[in-house]
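Asker: File follows, input06.cif with mmCIF, C-alpha atoms:
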```cif
data_work
loop_
_atom_site.group_PDB
_atom_site.id
_atom_site.type_symbol
_atom_site.label_atom_id
_atom_site.label_comp_id
_atom_site.auth_asym_id
_atom_site.auth_seq_id
_atom_site.Cartn_x
_atom_site.Cartn_y
_atom_site.Cartn_z
ATOM 1 C CA MET U 1 -188.191 110.224 103.584
ATOM 2 C CA ILE U 2 -189.524 108.574 106.738
ATOM 3 C CA THR U 3 -186.824 107.978 109.335
ATOM 4 C CA CYS U 4 -186.605 105.038 111.697
ATOM 5 C CA SER U 5 -189.003 105.100 114.671
ATOM 6 C CA ASP U 6 -186.146 104.341 117.076
ATOM 7 C CA VAL U 7 -185.131 107.481 118.963
ATOM 8 C CA GLY U 8 -181.927 108.966 117.572
ATOM 9 C CA CYS U 9 -181.729 106.717 114.488
ATOM 10 C CA GLU U 10 -181.451 108.666 111.231
ATOM 11 C CA LYS U 11 -181.749 105.700 108.861
ATOM 12 C CA ALA U 12 -184.723 105.276 106.526
ATOM 13 C CA GLY U 13 -187.777 103.648 108.102
ATOM 14 C CA GLU U 14 -188.273 100.933 105.502
ATOM 15 C CA ILE U 15 -190.274 98.256 107.336
ATOM 16 C CA ARG U 16 -193.297 99.411 109.319
ATOM 17 C CA GLY U 17 -191.449 102.637 110.140
ATOM 18 C CA TRP U 18 -188.248 100.984 111.369
ATOM 19 C CA CYS U 19 -184.819 100.672 109.732
ATOM 20 C CA ASP U 20 -183.639 97.158 108.896
ATOM 21 C CA GLY U 21 -181.451 96.811 112.005
ATOM 22 C CA HIS U 22 -183.966 98.107 114.543
ATOM 23 C CA TYR U 23 -186.792 96.145 112.957
ATOM 24 C CA CYS U 24 -184.772 92.930 113.288
ATOM 25 C CA GLN U 25 -184.062 93.759 116.960
ATOM 26 C CA MET U 26 -187.767 94.401 117.566
ATOM 27 C CA ILE U 27 -188.715 91.086 115.945
ATOM 28 C CA LEU U 28 -186.172 89.171 118.033
ATOM 29 C CA ARG U 29 -187.617 90.742 121.195
ATOM 30 C CA ALA U 30 -191.182 90.003 120.055
ATOM 31 C CA GLY U 31 -190.447 86.357 119.347
ATOM 32 C CA PRO U 32 -192.184 84.210 116.738
ATOM 33 C CA GLY U 33 -195.646 84.955 115.466
ATOM 34 C CA GLU U 34 -197.311 88.335 115.660
ATOM 35 C CA GLY U 35 -195.284 91.376 114.663
ATOM 36 C CA ARG U 36 -193.159 89.565 112.115
ATOM 37 C CA PRO U 37 -193.205 91.064 108.626
ATOM 38 C CA THR U 38 -194.722 89.078 105.812
ATOM 39 C CA ALA U 39 -192.504 87.926 102.948
ATOM 40 C CA PHE U 40 -194.157 90.593 100.793
ATOM 41 C CA GLU U 41 -193.293 93.350 103.328
ATOM 42 C CA ARG U 42 -189.667 92.228 103.490
ATOM 43 C CA PHE U 43 -189.491 91.928 99.697
ATOM 44 C CA SER U 44 -191.092 95.296 98.938
ATOM 45 C CA CYS U 45 -188.517 97.310 100.880
ATOM 46 C CA LYS U 46 -185.537 95.773 99.067
ATOM 47 C CA TYR U 47 -185.879 97.432 95.650
ATOM 48 C CA GLU U 48 -186.104 100.884 94.094
ATOM 49 C CA VAL U 49 -188.042 101.741 90.935
ATOM 50 C CA THR U 50 -185.850 103.148 88.145
ATOM 51 C CA ALA U 51 -186.790 105.524 85.334
ATOM 52 C CA ALA U 52 -186.933 102.512 82.990
ATOM 53 C CA GLY U 53 -189.562 100.888 85.235
ATOM 54 C CA CYS U 54 -187.228 98.236 86.625
ATOM 55 C CA TRP U 55 -187.558 97.310 90.278
ATOM 56 C CA GLU U 56 -183.798 97.448 90.946
ATOM 57 C CA TRP U 57 -182.751 95.173 93.834
ATOM 58 C CA THR U 58 -180.805 97.158 96.435
ATOM 59 C CA ARG U 59 -179.668 94.309 98.676
ATOM 60 C CA ASP U 60 -177.555 91.143 98.294
ATOM 61 C CA LEU U 61 -176.792 89.949 94.775
ATOM 62 C CA VAL U 62 -175.395 86.547 93.808
ATOM 63 C CA ASP U 63 -173.130 85.726 90.863
ATOM 64 C CA GLY U 64 -174.460 87.211 87.652
ATOM 65 C CA GLY U 65 -176.097 90.100 89.530
ATOM 66 C CA TYR U 66 -179.229 88.178 90.493
ATOM 67 C CA PRO U 67 -181.088 89.245 93.661
ATOM 68 C CA ARG U 68 -180.861 87.064 96.783
ATOM 69 C CA PHE U 69 -183.984 86.803 98.931
ATOM 70 C CA TYR U 70 -184.809 84.692 101.972
ATOM 71 C CA ASP U 71 -188.333 83.332 102.255
ATOM 72 C CA GLN U 72 -189.186 81.317 105.366
ATOM 73 C CA GLY U 73 -185.504 80.748 106.034
ATOM 74 C CA ASP U 74 -184.801 79.420 102.535
ATOM 75 C CA HIS U 75 -182.482 81.160 100.095
ATOM 76 C CA CYS U 76 -184.135 81.884 96.767
ATOM 77 C CA LEU U 77 -183.618 84.263 93.888
ATOM 78 C CA GLY U 78 -185.620 87.463 94.138
ATOM 79 C CA HIS U 79 -186.764 87.486 90.519
ATOM 80 C CA ARG U 80 -188.082 83.925 90.841
ATOM 81 C CA TRP U 81 -189.872 84.824 94.094
ATOM 82 C CA SER U 82 -191.372 87.917 92.436
ATOM 83 C CA HIS U 83 -192.647 85.936 89.455
ATOM 84 C CA SER U 84 -194.132 83.255 91.707
ATOM 85 C CA TYR U 85 -195.792 85.769 94.024
ATOM 86 C CA PHE U 86 -197.186 88.241 91.480
ATOM 87 C CA VAL U 87 -197.656 86.136 88.317
ATOM 88 C CA GLY U 88 -197.923 82.521 89.410
ATOM 89 C CA PRO U 89 -195.866 79.369 89.830
ATOM 90 C CA ILE U 90 -192.907 78.752 87.556
ATOM 91 C CA PRO U 91 -193.352 75.434 85.709
ATOM 92 C CA GLU U 92 -190.783 72.801 86.611
ATOM 93 C CA GLY U 93 -187.704 73.023 84.403
ATOM 94 C CA TYR U 94 -188.453 76.612 83.360
ATOM 95 C CA GLU U 95 -186.271 79.669 83.905
ATOM 96 C CA VAL U 96 -187.292 83.287 84.459
ATOM 97 C CA ASP U 97 -186.178 85.562 81.621
ATOM 98 C CA HIS U 98 -185.589 89.271 82.254
ATOM 99 C CA LEU U 99 -187.280 90.982 79.308
ATOM 100 C CA CYS U 100 -185.566 94.235 80.363
ATOM 101 C CA VAL U 101 -182.125 92.532 80.241
ATOM 102 C CA ASN U 102 -181.430 93.698 83.827
ATOM 103 C CA SER U 103 -180.541 90.707 86.005
ATOM 104 C CA SER U 104 -181.193 92.625 89.250
ATOM 105 C CA CYS U 105 -184.736 93.632 88.231
ATOM 106 C CA VAL U 106 -187.611 92.032 90.166
ATOM 107 C CA ASN U 107 -190.517 93.791 88.393
ATOM 108 C CA PRO U 108 -192.977 90.991 87.530
ATOM 109 C CA ALA U 109 -193.978 92.850 84.357
ATOM 110 C CA HIS U 110 -190.359 92.442 83.165
ATOM 111 C CA LEU U 111 -190.197 88.709 83.936
ATOM 112 C CA GLU U 112 -191.385 85.722 81.927
ATOM 113 C CA ALA U 113 -191.096 81.984 82.604
ATOM 114 C CA VAL U 114 -189.532 80.291 79.578
ATOM 115 C CA THR U 115 -187.766 77.054 78.717
ATOM 116 C CA PRO U 116 -183.953 77.043 79.047
ATOM 117 C CA ALA U 117 -183.675 76.736 75.246
ATOM 118 C CA GLU U 118 -185.872 79.803 74.717
ATOM 119 C CA ASN U 119 -183.946 81.739 77.360
ATOM 120 C CA MET U 120 -180.651 80.889 75.628
ATOM 121 C CA ARG U 121 -182.073 81.813 72.217
ATOM 122 C CA ARG U 122 -183.214 85.204 73.513
ATOM 123 C CA LYS U 123 -179.884 85.819 75.211
ATOM 124 C CA ALA U 124 -178.020 85.052 71.997
ATOM 125 C CA GLU U 125 -180.375 87.306 70.037
ATOM 126 C CA ARG U 126 -179.671 90.221 72.393
ATOM 127 C CA HIS U 127 -175.888 89.878 72.213
ATOM 128 C CA THR U 128 -174.591 90.968 68.831
ATOM 129 C CA HIS U 129 -170.880 90.978 69.793
ATOM 130 C CA CYS U 130 -168.604 88.679 71.797
ATOM 131 C CA LYS U 131 -166.793 89.863 74.948
ATOM 132 C CA SER U 132 -163.800 90.868 72.804
ATOM 133 C CA GLY U 133 -165.990 93.067 70.611
ATOM 134 C CA HIS U 134 -166.160 90.853 67.506
ATOM 135 C CA GLU U 135 -169.513 90.920 65.748
ATOM 136 C CA TYR U 136 -171.471 87.675 65.561
ATOM 137 C CA THR U 137 -171.855 87.166 61.832
ATOM 138 C CA GLU U 138 -172.675 83.903 60.086
ATOM 139 C CA ALA U 139 -169.017 83.497 59.097
ATOM 140 C CA ASN U 140 -167.697 84.365 62.581
ATOM 141 C CA THR U 141 -170.124 82.328 64.690
ATOM 142 C CA TYR U 142 -169.449 78.820 65.955
ATOM 143 C CA HIS U 143 -172.693 77.085 66.961
ATOM 144 C CA MET U 144 -172.035 74.768 69.905
ATOM 145 C CA PRO U 145 -173.804 71.417 70.344
ATOM 146 C CA ASN U 146 -175.585 72.696 73.510
ATOM 147 C CA GLY U 147 -177.292 75.450 71.498
ATOM 148 C CA GLY U 148 -174.894 78.203 72.532
ATOM 149 C CA ARG U 149 -172.543 80.053 70.266
ATOM 150 C CA ASP U 150 -168.984 81.299 70.335
ATOM 151 C CA CYS U 151 -166.885 83.698 68.332
ATOM 152 C CA ARG U 152 -164.689 81.867 65.790
ATOM 153 C CA LEU U 153 -161.939 84.508 66.051
ATOM 154 C CA CYS U 154 -161.773 84.029 69.820
ATOM 155 C CA VAL U 155 -161.936 80.224 69.559
ATOM 156 C CA ASN U 156 -159.039 80.269 67.081
ATOM 157 C CA ARG U 157 -157.031 82.645 69.312
ATOM 158 C CA ARG U 158 -157.577 80.425 72.384
ATOM 159 C CA SER U 159 -156.544 77.382 70.353
ATOM 160 C CA ARG U 160 -153.334 79.106 69.176
ATOM 161 C CA ASP U 161 -152.541 80.251 72.722
ATOM 162 C CA TYR U 162 -153.081 76.738 74.053
ATOM 163 C CA LYS U 163 -150.792 75.212 71.418
ATOM 164 C CA GLU U 164 -148.101 77.796 72.189
ATOM 165 C CA ARG U 165 -148.257 76.972 75.894
ATOM 166 C CA LYS U 166 -148.027 73.253 75.164
ATOM 167 C CA LYS U 167 -144.863 73.815 73.056
ATOM 168 C CA LYS U 168 -143.094 75.455 75.999
#
```
How does the structure come out when it is put into structure tokens?
Answerer:
Amino acid sequence: MITCSDVGCEKAGEIRGWCDGHYCQMILRAGPGEGRPTAFERFSCKYEVTAAGCWEWTRDLVDGGYPRFYDQGDHCLGHRWSHSYFVGPIPEGYEVDHLCVNSSCVNPAHLEAVTPAENMRRKAERHTHCKSGHEYTEANTYHMPNGGRDCRLCVNRRSRDYKERKKK
């Protein structure tokens, strides 16, 4: 492991031989322009490769476990940035599907731009049980108008609970 170039700092030298904190200090002293890391340099030090081949994001995650990345001062999602940078632009209205089913993965080989309907279909295909552990069978699956699905046993339980609360 390469340690930070700053004397006495024992942290990992992730960006051009500096730890995150000291690199930021150096950039602030240097001012705009030369010496600033590229978006790719900042991106490439924020993940670790797992045994499964995922590029696991090691920094900020937003709801759902998706990676947060800042590019030119704008907040974006790391997997979307990765797809755009390595694969190409994401068509308008498309979503990026994680083929590895790991929402914090930014490996472009594990990402594919798909329509929201296709993304939902794949998600439903991957999940064979509801959050309560009931299997999605034809008899136990309620197909919602938006294309999603719900567990009939859970829907019925929520309905009973709601009616009980209304009685009181």
Asker: In terms of the shortest atom-to-atom distance over all atoms listed in the file, which of U:Val101, U:Cys151, U:Ala113, U:Met120 is closest to U:Ala139?
Answerer: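 The answer is U:Cys151, which sits nearest to U:Ala139.
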Asker: Could you check the closest approach to U:Glu112 for each of U:Cys19, U:Cys154, U:Ile2, U:Val87 and tell me which residue wins, using all atoms listed in the file?
Answerer: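 The shortest atom-to-atom distance to U:Glu112 comes from U:Val87.
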Asker: Within 10 Å of U:Arg80, counting only C-alpha atoms, which residues qualify if same-chain residues fewer than 2 places away don't, as a list in words?
Answerer: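 So the residues in contact are Tyr66, Pro67, Arg68, Phe69, Cys76, Leu77, Gly78, Ser82, His83, Ser84, Tyr85, Pro89, Ile90, Glu95, Val96, Asp97, Val106, Pro108, Leu111, Glu112 and Ala113 of chain U.
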Asker: What separation in Å, quoted to one decimal, exists between atom CA of U:Arg42 and atom CA of U:Pro91?
Answerer: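 Going from atom CA of U:Arg42 over to atom CA of U:Pro91 covers 24.7 Å.
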Asker: Rounded to one decimal, what separation in Å do you get between atom CA of U:Thr50 and atom CA of U:Leu99?
Answerer: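 Answer for the atom CA of U:Thr50 to atom CA of U:Leu99 separation: 15.1 Å.
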Asker: If you measure from atom CA of U:Asp74 to atom CA of U:Ala12, what distance in Å do you get, rounded to one decimal?
Answerer: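 So the two atoms, atom CA of U:Asp74 and atom CA of U:Ala12, lie 26.2 Å apart.
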Asker: Which residues are close to U:Phe86, i.e. within 10 Å by only C-alpha atoms, leaving aside same-chain residues fewer than 5 positions away? Reply as a VMD selection string.
Answerer: chain U and resid 81 107 to 109
Asker: Write out the residues from the selection above, keeping C-alpha atoms, as a compact mmCIF listing (two decimals), in the coordinates of the input.
Answerer:
```txt
# COMPACT_ATOMS: atom_id res chain seq x y z
CA TRP U 81 -189.87 84.82 94.09
CA ASN U 107 -190.52 93.79 88.39
CA PRO U 108 -192.98 90.99 87.53
CA ALA U 109 -193.98 92.85 84.36
```
Asker: Could you tell me which of U:Val155, U:Met144, U:Ala39, U:Cys130 comes closest to U:Asp71 if we count only C-alpha atoms?
Answerer: U:Ala39
Asker: Measuring atom to atom with all atoms listed in the file, identify which of U:His143, U:Thr3, U:Ala124, U:Pro37 is nearest to U:Gly17.
Answerer: U:Thr3
Asker: Could you tell me which of U:Val62, U:Cys4, U:Thr141, U:Cys105 comes closest to U:Glu48 if we count all atoms listed in the file?
Answerer: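 Of U:Val62, U:Cys4, U:Thr141, U:Cys105, the one nearest U:Glu48, counting all atoms listed in the file, is U:Cys105.
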Asker: Check the smallest atom-to-atom distance from each of U:Ser132, U:Asn140, U:Ser103, U:Gly93 to U:Ala117 using only C-alpha atoms, then report the winner.
Answerer: U:Gly93
Asker: Using only the atoms of stretch 84-91 of chain U listed in the file, plus 5 Å on each side, state the axis-aligned box centre and edge lengths in Å rounded to one decimal, as JSON.
Answerer:
```
{"center_x": -195.4, "center_y": 81.8, "center_z": 89.9, "size_x": 15.0, "size_y": 22.8, "size_z": 18.3}
```
Asker: For the structure shown, which residues end up in the PyMOL selection byres ((chain U and resi 46) around 9)? Put them as number ranges by chain, please?
Answerer: U: 14, 42-45, 47-48, 56-59
